[in-house]
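*Asks:* Can you read through this structure? Questions will come right after.
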Amino acid sequence: MLNEGFAGKVQRIPIGIDIDRFPLRDPESRASARERLGIPSDASVIGSFQKDSDGWGDGTVPKLVKGPDILAESLITLSKSVPDLFVLLAGPARGYLVGRLSDAKIRHLSLGVVPSSRIPFLYQALDLYIVSSREEGGPKAFLESFATGVPLVSTPVGQVIDFATQDSAWISSGFGPEEIADLSGKALLSGESDAKVMRARAVAEGLSLKNLDPNWRDFFSRFLSISP
């Protein structure tokens, strides 16, 4: 319970997304993105665009709160039933995951640090995005994948459990790689017109920065006596 002195002084505003930066992908944009990235056109491409190891060097020590071990085990399990699997990575310090994928002979491309302006383009190349974290605030990938129409498989963390449901994403009951791999296999069978994908886009639109603007205006007006 909040201290009485803070009652009525706390306002919860979700993390939003600049929806205009993340257009829905389609077969043409996917093919173009894969050609530019050198990814086989017929691969089943799974994305992961977050830092998930300690430090800013090679990143060989996993940051377990971000679940790179869960992701690695999930992808290794999934590769047994999806032989054309390809993993697209972005972000610094991905050495642990790159090592696990290399050892398992899973095809992958690790781009390292990329400008934020290029992230929307990377989503165009995907068939699926996996969030495997044990704890999260957002994550950003939740709304980014929803906005671009990329099916999302996620552990029950952050805003995913606040705003997504089984009607818009494939959400695991826990943090087991076997379940995540199973959900990923099912999600890969969905298409651009899948009802979940369409509902996911609607969720992202509802949490656009434009739609959240009144919340911020109300916050500044009521709590800070500022009229934006």
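Just remember, in the structure tokens the first chain shown is A, the second B, etc., residues are 1-based per chain, and ligands are 1-based in the order shown.
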Could you produce a table of the residues of region 186-218 of chain A lying within 8 Å of region 13-32 of chain A, with the nearest pair of atoms per residue and their separation in Å rounded to one decimal, using only C-alpha atoms, ordered by chain and increasing residue number, as a tab-separated table?

*Replies:*
residue	atom	partner	partner_atom	distance
A:Glu192	CA	A:Asp26	CA	7.2
A:Ala204	CA	A:Ile19	CA	7.2
A:Glu205	CA	A:Ile19	CA	6.5
A:Leu207	CA	A:Gly16	CA	5.2
A:Ser208	CA	A:Ile17	CA	4.8
A:Leu209	CA	A:Gly16	CA	5.3
A:Lys210	CA	A:Asp18	CA	7.8
A:Leu212	CA	A:Gly16	CA	7.0
A:Asn215	CA	A:Ile13	CA	6.7
A:Trp216	CA	A:Ile13	CA	7.6

*Asks:* Show me, as JSON, numbers by chain, the residues that have an atom within 6 Å of region 34-45 of chain A when counting only C-alpha atoms, minus same-chain residues fewer than 3 positions from it.

*Replies:* {"A": [31, 84, 85, 86, 87, 125, 126, 127]}

*Asks:* So that I can see what lies close to Gly138 (chain A), please list as an NGL selection string the residues with an atom at most 8 Å from it, counting only C-alpha atoms and leaving out residues fewer than 4 positions away in the same chain.

*Replies:* :A and (15 or 142 or 158-160)

*Asks:* Grab the residues selected above and save them as a tab-separated table (two decimals), in the first residue's frame with C-alpha atoms.

*Replies:*
chain	number	residue	atom	x	y	z
A	15	ILE	CA	6.12	2.36	-22.25
A	142	PHE	CA	7.18	-6.57	-27.28
A	158	GLY	CA	7.08	-6.98	-18.08
A	159	GLN	CA	4.46	-5.29	-20.19
A	160	VAL	CA	3.85	-8.55	-22.04

*Asks:* Return the single residue from A:Val203, A:Gly185, A:Ser116, A:Gly176 that is closest to Pro83 (chain A), with distances computed using only C-alpha atoms.

*Replies:*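 Among the listed residues, A:Gly185 lies closest to Pro83 (chain A).
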
*Asks:* What's around Trp170 (chain A) at 7 Å? Count only C-alpha atoms, leave out sequence neighbours fewer than 2 positions away in its own chain, and write the answer as a PDB file with N, CA and C atoms, in the first residue's frame.

*Replies:*
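Below is the file that was written, part-v4.pdb:
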ATOM      1  N   LEU A 152       5.090 -13.101 -31.817  1.00  0.00           N
ATOM      2  CA  LEU A 152       5.928 -12.996 -30.624  1.00  0.00           C
ATOM      3  C   LEU A 152       5.711 -14.190 -29.705  1.00  0.00           C
ATOM      4  N   VAL A 153       6.817 -14.849 -29.362  1.00  0.00           N
ATOM      5  CA  VAL A 153       6.821 -15.859 -28.301  1.00  0.00           C
ATOM      6  C   VAL A 153       7.559 -15.239 -27.126  1.00  0.00           C
ATOM      7  N   SER A 154       6.931 -15.232 -25.964  1.00  0.00           N
ATOM      8  CA  SER A 154       7.546 -14.550 -24.827  1.00  0.00           C
ATOM      9  C   SER A 154       7.313 -15.291 -23.522  1.00  0.00           C
ATOM     10  N   GLN A 166      -3.029 -14.488 -24.736  1.00  0.00           N
ATOM     11  CA  GLN A 166      -2.861 -15.601 -25.667  1.00  0.00           C
ATOM     12  C   GLN A 166      -3.589 -15.343 -26.977  1.00  0.00           C
ATOM     13  N   SER A 172       4.497 -18.159 -22.785  1.00  0.00           N
ATOM     14  CA  SER A 172       4.756 -19.385 -22.033  1.00  0.00           C
ATOM     15  C   SER A 172       4.254 -19.257 -20.604  1.00  0.00           C
ATOM     16  N   LEU A 183       6.039 -23.580 -28.453  1.00  0.00           N
ATOM     17  CA  LEU A 183       5.254 -22.413 -28.855  1.00  0.00           C
ATOM     18  C   LEU A 183       5.839 -21.770 -30.110  1.00  0.00           C
TER      19      LEU A 183
END

*Asks:* Write out as a ChimeraX atom specification which residues come within 9 Å of Pro177 (chain A) when counting only C-alpha atoms, dropping same-chain ones fewer than 2 positions away.

*Replies:* /A:69-75,77,132,175,179-182

*Asks:* Pick out the closest residue to Pro115 (chain A) from this set: A:Ala90, A:Arg100, A:Ser81, A:Tyr129. Count only C-alpha atoms.

*Replies:* A:Ala90

*Asks:* Please measure the separation of CA of Met198 (chain A) and CA of Arg107 (chain A), giving the value in Å to one decimal.

*Replies:*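 Calculated distance between CA of Met198 (chain A) and CA of Arg107 (chain A) is 29.5 Å.
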
*Asks:* Taking 3 positions as the minimum chain separation for residues in the same chain, which residues sit within 8 Å of Glu135 (chain A) when counting only C-alpha atoms? Answer as a list of chain:residue names.

*Replies:* A:Val65, A:Lys66, A:Val157, A:Gly158

*Asks:* To one decimal in Å, tell me the separation between CA of Phe146 (chain A) and CA of Lys51 (chain A).

*Replies:*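 So the answer is 20.0 Å.
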
*Asks:* Compare A:Leu109, A:Val114, A:Ala93, A:Ile130 by their minimum atom-to-atom distance to Asp54 (chain A), counting only C-alpha atoms, and give me the closest one.

*Replies:*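 Answer, going by the shortest atom-to-atom distance: A:Ala93.
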
*Asks:* Hey, what does DSSP flag as alpha helix (DSSP H) within region 117-175 of chain A? Can you give it to me as a list in words?

*Replies:*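 DSSP-assigned alpha helix (DSSP H) residues in region 117-175 of chain A: Ile119, Pro120, Phe121, Leu122, Tyr123, Lys140, Ala141, Phe142, Leu143, Glu144, Ser145, Phe146, Ala147, Thr148, Gly158, Gln159, Val160, Ile161, Asp162 and Phe163 of chain A.
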
*Asks:* Counting only C-alpha atoms, which of A:Ala187, A:Val150, A:Leu111, A:Leu143 gets nearest to Asp162 (chain A)?

*Replies:*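 Looking at the shortest contact to Asp162 (chain A), the residue is A:Leu143.
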
*Asks:* Return as a list in words the full set of residues in region 28-147 of chain A whose backbone-based DSSP assignment is strand (DSSP E or B).

*Replies:* Ser44, Val45, Ile46, Gly47, Ser48, Ser53, Pro62, Leu85, Phe86, Val87, Leu88, Leu89, Arg107, His108, Leu109, Ser110, Leu128, Tyr129, Ile130 and Val131 of chain A
